[in-house]
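J.: Structure file run_34.tsv (TSV, C-alpha atoms) is given on the next line.
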chain	number	residue	atom	x	y	z
A	1	MET	CA	-27.19	0.91	6.41
A	2	ALA	CA	-23.89	1.29	8.18
A	3	THR	CA	-22.05	4.58	7.93
A	4	TYR	CA	-18.26	4.70	8.21
A	5	THR	CA	-16.77	7.90	9.59
A	6	LEU	CA	-13.05	8.56	9.77
A	7	ILE	CA	-12.38	9.58	13.37
A	8	SER	CA	-8.62	10.15	13.13
A	9	SER	CA	-5.56	8.94	11.27
A	10	VAL	CA	-1.80	9.06	11.56
A	11	ILE	CA	1.19	8.59	9.28
A	12	VAL	CA	4.49	7.85	10.98
A	13	GLY	CA	7.16	10.44	10.26
A	14	SER	CA	10.85	10.12	9.54
A	15	GLY	CA	11.78	9.58	13.18
A	16	GLY	CA	9.67	6.45	13.56
A	17	ALA	CA	7.40	5.75	16.52
A	18	ALA	CA	7.66	3.39	19.47
A	19	ASN	CA	3.89	3.08	19.51
A	20	ILE	CA	0.72	4.70	18.24
A	21	GLU	CA	-2.15	5.66	20.50
A	22	PHE	CA	-5.63	6.86	19.69
A	23	THR	CA	-7.05	8.62	22.75
A	24	SER	CA	-10.34	10.29	23.67
A	25	ILE	CA	-12.28	8.00	21.35
A	26	PRO	CA	-15.90	9.21	21.38
A	27	ALA	CA	-18.56	6.74	22.54
A	28	THR	CA	-21.02	7.89	19.90
A	29	TYR	CA	-20.53	5.10	17.37
A	30	THR	CA	-21.77	1.51	17.33
A	31	ASP	CA	-18.51	-0.19	16.34
A	32	LEU	CA	-14.91	0.75	15.63
A	33	LEU	CA	-12.67	-0.25	12.74
A	34	LEU	CA	-8.92	0.30	12.90
A	35	LYS	CA	-7.04	-0.14	9.64
A	36	VAL	CA	-3.29	-0.38	10.06
A	37	SER	CA	-0.51	-0.62	7.50
A	38	PRO	CA	2.57	-1.24	9.62
A	39	ARG	CA	6.24	-1.88	9.04
A	40	ILE	CA	8.64	-2.18	11.94
A	41	SER	CA	12.39	-1.96	12.41
A	42	SER	CA	12.69	-5.46	13.93
A	43	THR	CA	12.64	-8.98	12.50
A	44	ASN	CA	9.76	-9.90	14.82
A	45	GLY	CA	6.38	-8.87	13.39
A	46	THR	CA	4.27	-9.04	16.53
A	47	VAL	CA	2.45	-5.84	17.42
A	48	TYR	CA	0.39	-5.77	20.60
A	49	VAL	CA	-3.02	-4.14	20.81
A	50	ASP	CA	-4.04	-2.63	24.14
A	51	TYR	CA	-7.29	-0.88	25.06
A	52	ASN	CA	-7.36	1.90	27.65
A	53	SER	CA	-3.63	1.26	28.32
A	54	SER	CA	-4.47	-2.12	29.89
A	55	THR	CA	-2.16	-5.05	29.18
A	56	SER	CA	-4.07	-7.54	31.34
A	57	ASN	CA	-7.15	-9.77	30.86
A	58	GLN	CA	-6.33	-10.30	27.20
A	59	SER	CA	-6.42	-13.47	25.09
A	60	TRP	CA	-6.70	-14.61	21.49
A	61	ASN	CA	-7.46	-17.55	19.21
A	62	ARG	CA	-6.21	-17.63	15.65
A	63	LEU	CA	-6.05	-19.49	12.37
A	64	TYR	CA	-2.88	-18.83	10.44
A	65	ASN	CA	-0.86	-19.63	7.36
A	66	SER	CA	2.83	-19.04	7.95
A	67	SER	CA	4.78	-19.51	4.72
A	68	GLY	CA	2.54	-22.41	3.75
A	69	SER	CA	2.36	-24.00	7.18
A	70	VAL	CA	-1.19	-23.72	8.46
A	71	GLY	CA	-2.36	-24.06	12.01
A	72	ALA	CA	-4.36	-22.75	14.92
A	73	ASP	CA	-3.26	-21.66	18.35
A	74	THR	CA	-4.01	-19.38	21.26
A	75	GLY	CA	-2.20	-16.69	23.20
A	76	SER	CA	-2.48	-14.22	26.00
A	77	ARG	CA	-1.99	-10.71	24.60
A	78	GLN	CA	-4.00	-9.19	21.79
A	79	TYR	CA	-1.94	-8.73	18.68
A	80	ILE	CA	-1.65	-7.99	14.96
A	81	THR	CA	1.29	-8.53	12.63
A	82	ALA	CA	3.56	-6.07	10.85
A	83	VAL	CA	5.98	-6.32	7.96
A	84	THR	CA	9.46	-6.74	9.39
A	85	SER	CA	12.85	-5.29	8.54
A	86	ASP	CA	13.97	-8.41	6.65
A	87	TYR	CA	11.04	-8.28	4.23
A	88	THR	CA	11.03	-6.63	0.81
A	89	ALA	CA	11.90	-2.95	1.11
A	90	ASN	CA	9.07	-0.45	1.13
A	91	THR	CA	6.37	-3.04	1.73
A	92	PHE	CA	3.84	-2.70	4.53
A	93	GLY	CA	1.35	-4.96	6.23
A	94	SER	CA	-2.42	-4.86	5.89
A	95	THR	CA	-4.53	-5.26	9.00
A	96	GLU	CA	-8.08	-4.58	10.05
A	97	ILE	CA	-9.33	-4.71	13.62
A	98	TYR	CA	-13.12	-4.68	13.88
A	99	ILE	CA	-14.38	-3.93	17.39
A	100	PRO	CA	-18.15	-4.29	17.78
A	101	ASN	CA	-20.01	-2.62	20.64
A	102	TYR	CA	-16.83	-1.00	21.93
A	103	ALA	CA	-18.71	1.26	24.33
A	104	SER	CA	-20.84	-1.45	25.93
A	105	SER	CA	-20.35	-2.99	29.36
A	106	ASN	CA	-19.67	-6.44	27.89
A	107	ASN	CA	-16.23	-7.93	27.37
A	108	LYS	CA	-14.64	-6.61	24.17
A	109	SER	CA	-14.15	-9.20	21.46
A	110	SER	CA	-12.70	-8.14	18.13
A	111	LEU	CA	-11.89	-9.64	14.76
A	112	VAL	CA	-8.43	-9.20	13.28
A	113	ASP	CA	-7.59	-9.89	9.65
A	114	THR	CA	-3.84	-9.40	9.38
A	115	VAL	CA	-1.46	-10.02	6.48
A	116	GLN	CA	2.21	-9.36	5.94
A	117	GLU	CA	3.40	-8.33	2.50
A	118	ASN	CA	6.61	-9.77	1.11
A	119	ASN	CA	7.80	-10.51	-2.39
A	120	SER	CA	8.70	-13.99	-1.27
A	121	SER	CA	7.05	-17.21	-0.15
A	122	THR	CA	7.93	-16.20	3.41
A	123	ASN	CA	4.99	-14.41	4.97
A	124	LEU	CA	2.13	-14.72	7.39
A	125	GLN	CA	-1.60	-14.24	7.26
A	126	ALA	CA	-3.94	-14.79	10.16
A	127	LEU	CA	-7.50	-14.46	11.34
A	128	VAL	CA	-7.45	-13.64	15.01
A	129	ALA	CA	-10.25	-13.46	17.56
A	130	ASN	CA	-8.96	-11.05	20.18
A	131	LEU	CA	-10.63	-10.65	23.56
A	132	TRP	CA	-10.28	-8.06	26.28
A	133	SER	CA	-12.21	-9.26	29.31
A	134	ASN	CA	-13.19	-5.91	30.71
A	135	SER	CA	-16.52	-4.09	31.03
A	136	ALA	CA	-15.14	-0.59	30.47
A	137	ALA	CA	-15.95	1.31	27.30
A	138	ILE	CA	-12.96	1.55	24.99
A	139	THR	CA	-11.73	5.13	24.96
A	140	ALA	CA	-8.15	4.52	23.84
A	141	ILE	CA	-6.35	2.07	21.56
A	142	ARG	CA	-2.60	1.56	21.60
A	143	ILE	CA	-0.58	-0.53	19.15
A	144	VAL	CA	2.96	-1.31	20.27
A	145	PRO	CA	5.57	-3.48	18.53
A	146	PHE	CA	6.96	-6.35	20.56
A	147	SER	CA	10.38	-5.36	19.24
A	148	GLY	CA	11.57	-2.32	17.32
A	149	THR	CA	9.58	0.72	16.24
A	150	PHE	CA	7.12	1.65	13.51
A	151	VAL	CA	9.04	3.01	10.54
A	152	GLN	CA	8.22	6.01	8.39
A	153	TYR	CA	5.02	5.81	6.29
A	154	SER	CA	3.38	3.23	8.52
A	155	THR	CA	-0.26	4.31	8.81
A	156	ALA	CA	-3.28	3.83	11.05
A	157	TYR	CA	-6.85	4.94	10.36
A	158	LEU	CA	-9.60	4.73	12.98
A	159	TYR	CA	-13.19	4.64	11.78
A	160	GLY	CA	-16.42	4.85	13.73
A	161	ILE	CA	-19.31	2.80	12.38
A	162	SER	CA	-22.88	3.85	12.96
A	163	ASN	CA	-25.71	1.45	12.30
A	164	ALA	CA	-28.26	4.19	11.80
B	1	MET	CA	15.09	9.43	22.39
B	2	THR	CA	12.28	7.03	21.53
B	3	THR	CA	8.93	8.70	21.15
B	4	LYS	CA	5.33	7.69	20.56
B	5	LEU	CA	2.53	9.22	18.55
B	6	ILE	CA	-0.66	10.19	20.36
B	7	VAL	CA	-3.72	10.93	18.27
B	8	ASP	CA	-6.34	12.85	20.25
B	9	CYS	CA	-9.62	11.85	18.62
B	10	SER	CA	-11.48	14.75	20.25
B	11	THR	CA	-9.29	17.31	18.49
B	12	GLY	CA	-7.71	15.38	15.63
B	13	VAL	CA	-4.31	16.60	16.78
B	14	THR	CA	-1.33	14.23	16.73
B	15	THR	CA	1.51	14.85	19.13
B	16	GLU	CA	4.90	13.18	19.43
B	17	VAL	CA	5.88	12.62	23.06
B	18	GLU	CA	8.59	10.78	24.91
B	19	LEU	CA	7.78	7.41	26.46
B	20	THR	CA	6.96	7.21	30.12
B	21	ALA	CA	9.30	5.39	32.52
B	22	GLU	CA	6.78	2.55	32.66
B	23	GLU	CA	6.69	2.28	28.87
B	24	ILE	CA	10.48	2.32	28.66
B	25	ALA	CA	10.62	-0.48	31.24
B	26	GLU	CA	8.05	-2.45	29.23
B	27	ARG	CA	10.09	-2.01	26.05
B	28	GLU	CA	13.26	-3.13	27.79
B	29	ALA	CA	11.50	-6.23	29.13
B	30	MET	CA	10.15	-7.05	25.68
B	31	ALA	CA	13.59	-6.50	24.14
B	32	ALA	CA	15.11	-8.95	26.61
B	33	GLU	CA	12.36	-11.47	25.86
B	34	TYR	CA	12.92	-11.00	22.14
B	35	ALA	CA	16.68	-11.55	22.52
B	36	VAL	CA	16.05	-14.88	24.23
B	37	GLN	CA	13.46	-15.87	21.63
B	38	LYS	CA	15.74	-14.89	18.74
B	39	ALA	CA	18.67	-16.81	20.20
B	40	GLN	CA	16.50	-19.92	20.48
B	41	GLU	CA	15.28	-19.53	16.90
B	42	ASP	CA	18.82	-19.01	15.61
B	43	ALA	CA	20.03	-22.07	17.53
B	44	GLU	CA	17.22	-24.18	16.08
B	45	VAL	CA	18.06	-23.04	12.56
B	46	ALA	CA	21.77	-23.74	13.08
B	47	ALA	CA	21.08	-27.18	14.56
B	48	LYS	CA	18.80	-28.06	11.66
B	49	ALA	CA	21.40	-26.94	9.12
B	50	ALA	CA	24.13	-28.91	10.90
B	51	ALA	CA	21.96	-32.03	10.98
B	52	LYS	CA	21.21	-31.67	7.27
B	53	ALA	CA	24.87	-31.25	6.40
B	54	SER	CA	25.79	-34.27	8.54
B	55	ALA	CA	23.11	-36.43	6.91
B	56	GLU	CA	24.24	-35.40	3.42
B	57	ALA	CA	27.86	-36.20	4.27
B	58	LYS	CA	26.87	-39.66	5.51
B	59	LEU	CA	24.83	-40.33	2.39
B	60	ALA	CA	27.75	-39.23	0.22
B	61	ALA	CA	30.03	-41.57	2.16
B	62	LEU	CA	27.65	-44.40	1.26
B	63	GLY	CA	28.19	-43.61	-2.39
B	64	LEU	CA	25.17	-41.45	-3.27
B	65	SER	CA	25.79	-38.68	-5.77
B	66	ALA	CA	24.88	-35.07	-5.08
B	67	ASP	CA	21.94	-35.35	-7.51
B	68	GLU	CA	20.71	-38.50	-5.75
B	69	ILE	CA	20.92	-36.81	-2.36
B	70	ALA	CA	19.11	-33.76	-3.68
B	71	ALA	CA	16.37	-36.00	-5.10
B	72	LEU	CA	15.56	-37.45	-1.65
Represent the structure from my file as structure tokens, please.
T.:
Amino acid sequence: MATYTLISSVIVGSGGAANIEFTSIPATYTDLLLKVSPRISSTNGTVYVDYNSSTSNQSWNRLYNSSGSVGADTGSRQYITAVTSDYTANTFGSTEIYIPNYASSNNKSSLVDTVQENNSSTNLQALVANLWSNSAAITAIRIVPFSGTFVQYSTAYLYGISNA
Amino acid sequence: MTTKLIVDCSTGVTTEVELTAEEIAEREAMAAEYAVQKAQEDAEVAAKAAAKASAEAKLAALGLSADEIAAL
């Protein structure tokens, strides 16, 4: 039976944050789960996800529903989505990033389930298969908005998952 | 000054620190990219709205009522 352990968490303060980084992640778990509830100060909801401060050797495939328009596409830099400044006030996104075998020497694939919240028909939900083609163990995770900053009360919780 | 939050998982301590020069450069590059992207999106929206207005005007000139145009 899997055991979920909260490793660390953060709530963005009144000054906002350009990015959020979890560092010195212990290698003692089987998988990682990062739960993020982001809102950013820009009208673009893209938030990049980098491991070990690396922005290279990344790719993704996704299925999405953008305001009723469904599709599938690919891209080059791992990402999640955030609620943007033009969405309903005081709403935040809901995202989970599941990273299996994060400390192994294999490439690091991860599953992203990401949803924006908006009291409108305008929103986005996506299932994303992120990939970091690198054999290094993940010891740090950084999430950085493509534009703008994380606003106050955005949150991120990092869990370690043990199979034993 | 733009800052970032660093959560040290070995201690549980969160610190707020200023961005590095490299991170500032990355943000500036992304901001420039976003400005171009936003301008393209705005232009597409404006062009679409102009085309719609032009089409509606032409239909009205043919004698269609506003309700008939809206029903299309």
J.: Give as a ChimeraX atom specification every residue, naming chains and numbers as the document does, that has an atom within 12 Å of (7.8, -6.0, 10.6), counting only C-alpha atoms.
T.: /A:37-47,80-94,115-118,123-124,144-151,154
J.: Would you give me, as JSON lines, each residue of chain A having an atom within 9 Å of an atom of chain B, along with its shortest atom pair and that distance in Å to one decimal, using only C-alpha atoms and sorting by chain and residue number?
T.:
{"residue": "A:Ile7", "atom": "CA", "partner": "B:Cys9", "partner_atom": "CA", "distance": 6.4}
{"residue": "A:Ser8", "atom": "CA", "partner": "B:Cys9", "partner_atom": "CA", "distance": 5.8}
{"residue": "A:Ser9", "atom": "CA", "partner": "B:Val7", "partner_atom": "CA", "distance": 7.5}
{"residue": "A:Val10", "atom": "CA", "partner": "B:Val7", "partner_atom": "CA", "distance": 7.2}
{"residue": "A:Val12", "atom": "CA", "partner": "B:Leu5", "partner_atom": "CA", "distance": 7.9}
{"residue": "A:Gly15", "atom": "CA", "partner": "B:Thr3", "partner_atom": "CA", "distance": 8.5}
{"residue": "A:Gly16", "atom": "CA", "partner": "B:Thr3", "partner_atom": "CA", "distance": 8.0}
{"residue": "A:Ala17", "atom": "CA", "partner": "B:Lys4", "partner_atom": "CA", "distance": 4.9}
{"residue": "A:Ala18", "atom": "CA", "partner": "B:Lys4", "partner_atom": "CA", "distance": 5.0}
{"residue": "A:Asn19", "atom": "CA", "partner": "B:Lys4", "partner_atom": "CA", "distance": 4.9}
{"residue": "A:Ile20", "atom": "CA", "partner": "B:Leu5", "partner_atom": "CA", "distance": 4.9}
{"residue": "A:Glu21", "atom": "CA", "partner": "B:Ile6", "partner_atom": "CA", "distance": 4.8}
{"residue": "A:Phe22", "atom": "CA", "partner": "B:Val7", "partner_atom": "CA", "distance": 4.7}
{"residue": "A:Thr23", "atom": "CA", "partner": "B:Asp8", "partner_atom": "CA", "distance": 5.0}
{"residue": "A:Ser24", "atom": "CA", "partner": "B:Cys9", "partner_atom": "CA", "distance": 5.3}
{"residue": "A:Ile25", "atom": "CA", "partner": "B:Cys9", "partner_atom": "CA", "distance": 5.4}
{"residue": "A:Pro26", "atom": "CA", "partner": "B:Ser10", "partner_atom": "CA", "distance": 7.2}
{"residue": "A:Asn44", "atom": "CA", "partner": "B:Tyr34", "partner_atom": "CA", "distance": 8.0}
{"residue": "A:Arg142", "atom": "CA", "partner": "B:Ile6", "partner_atom": "CA", "distance": 8.9}
{"residue": "A:Pro145", "atom": "CA", "partner": "B:Arg27", "partner_atom": "CA", "distance": 8.9}
{"residue": "A:Phe146", "atom": "CA", "partner": "B:Met30", "partner_atom": "CA", "distance": 6.1}
{"residue": "A:Ser147", "atom": "CA", "partner": "B:Ala31", "partner_atom": "CA", "distance": 6.0}
{"residue": "A:Gly148", "atom": "CA", "partner": "B:Ala31", "partner_atom": "CA", "distance": 8.3}
{"residue": "A:Thr149", "atom": "CA", "partner": "B:Thr2", "partner_atom": "CA", "distance": 8.7}
J.: Rounded to one decimal in Å, what is the spacing between CA of Ser53 (chain A) and CA of Ile141 (chain A)?
T.: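 Separation between CA of Ser53 (chain A) and CA of Ile141 (chain A): 7.3 Å.
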J.: Return the single residue from A:Ser109, A:Ser14, A:Ser133, A:Asn52 that is closest to Asp31 (chain A), with distances computed using all atoms listed in the file.
T.: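 Looking only at the distances to Asp31 (chain A), the closest residue turns out to be A:Ser109.
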J.: One number please: CA of Ile143 (chain A) to CA of Thr3 (chain A), in Å, one decimal.
T.: 24.8 Å
J.: For region 70-83 of chain A, I'd like the enclosing box, axis-aligned and padded by 4 Å on every side, reported as lines of an AutoDock Vina configuration file with centre and edge lengths in Å to one decimal.
T.:
center_x = 0.8
center_y = -15.1
center_z = 17.0
size_x = 18.3
size_y = 26.0
size_z = 26.0
J.: Between CA of Ile97 (chain A) and CA of Leu32 (chain A), what is the spacing in Å?
T.: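 Taking CA of Leu32 (chain A) as the start and CA of Ile97 (chain A) as the end point, the length is 8.1 Å.
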J.: Nearest to Leu59 (chain B): which of B:Glu22, B:Ala43, B:Val36, B:Leu72 is it, counting only C-alpha atoms?
T.: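 Going through B:Glu22, B:Ala43, B:Val36, B:Leu72 one by one, the smallest distance to Leu59 (chain B) is for B:Leu72.
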J.: Can you list, as JSON, numbers by chain, every protein, DNA or RNA residue that comes within 7 Å of Asn107 (chain A) when you count only C-alpha atoms, leaving out same-chain residues fewer than 5 positions away?
T.: {"A": [132, 133, 134, 135]}
J.: Would you mind exporting the chosen residues as a PDB file, keeping the file's coordinate frame, restricted to C-alpha atoms?
T.:
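That gives us result_30.pdb:
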ATOM      1  CA  TRP A 132     -10.280  -8.060  26.280  1.00  0.00           C
ATOM      2  CA  SER A 133     -12.210  -9.260  29.310  1.00  0.00           C
ATOM      3  CA  ASN A 134     -13.190  -5.910  30.710  1.00  0.00           C
ATOM      4  CA  SER A 135     -16.520  -4.090  31.030  1.00  0.00           C
TER       5      SER A 135
END
J.: Dump as a list of chain:residue names all residues having an atom at most 7 Å from (-19.3, 6.2, 25.4), computed in the file's coordinates with all atoms listed in the file.
T.: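 Residues found, by chain and rising number: A:Pro26, A:Ala27, A:Thr28, A:Ala103, A:Ala137.
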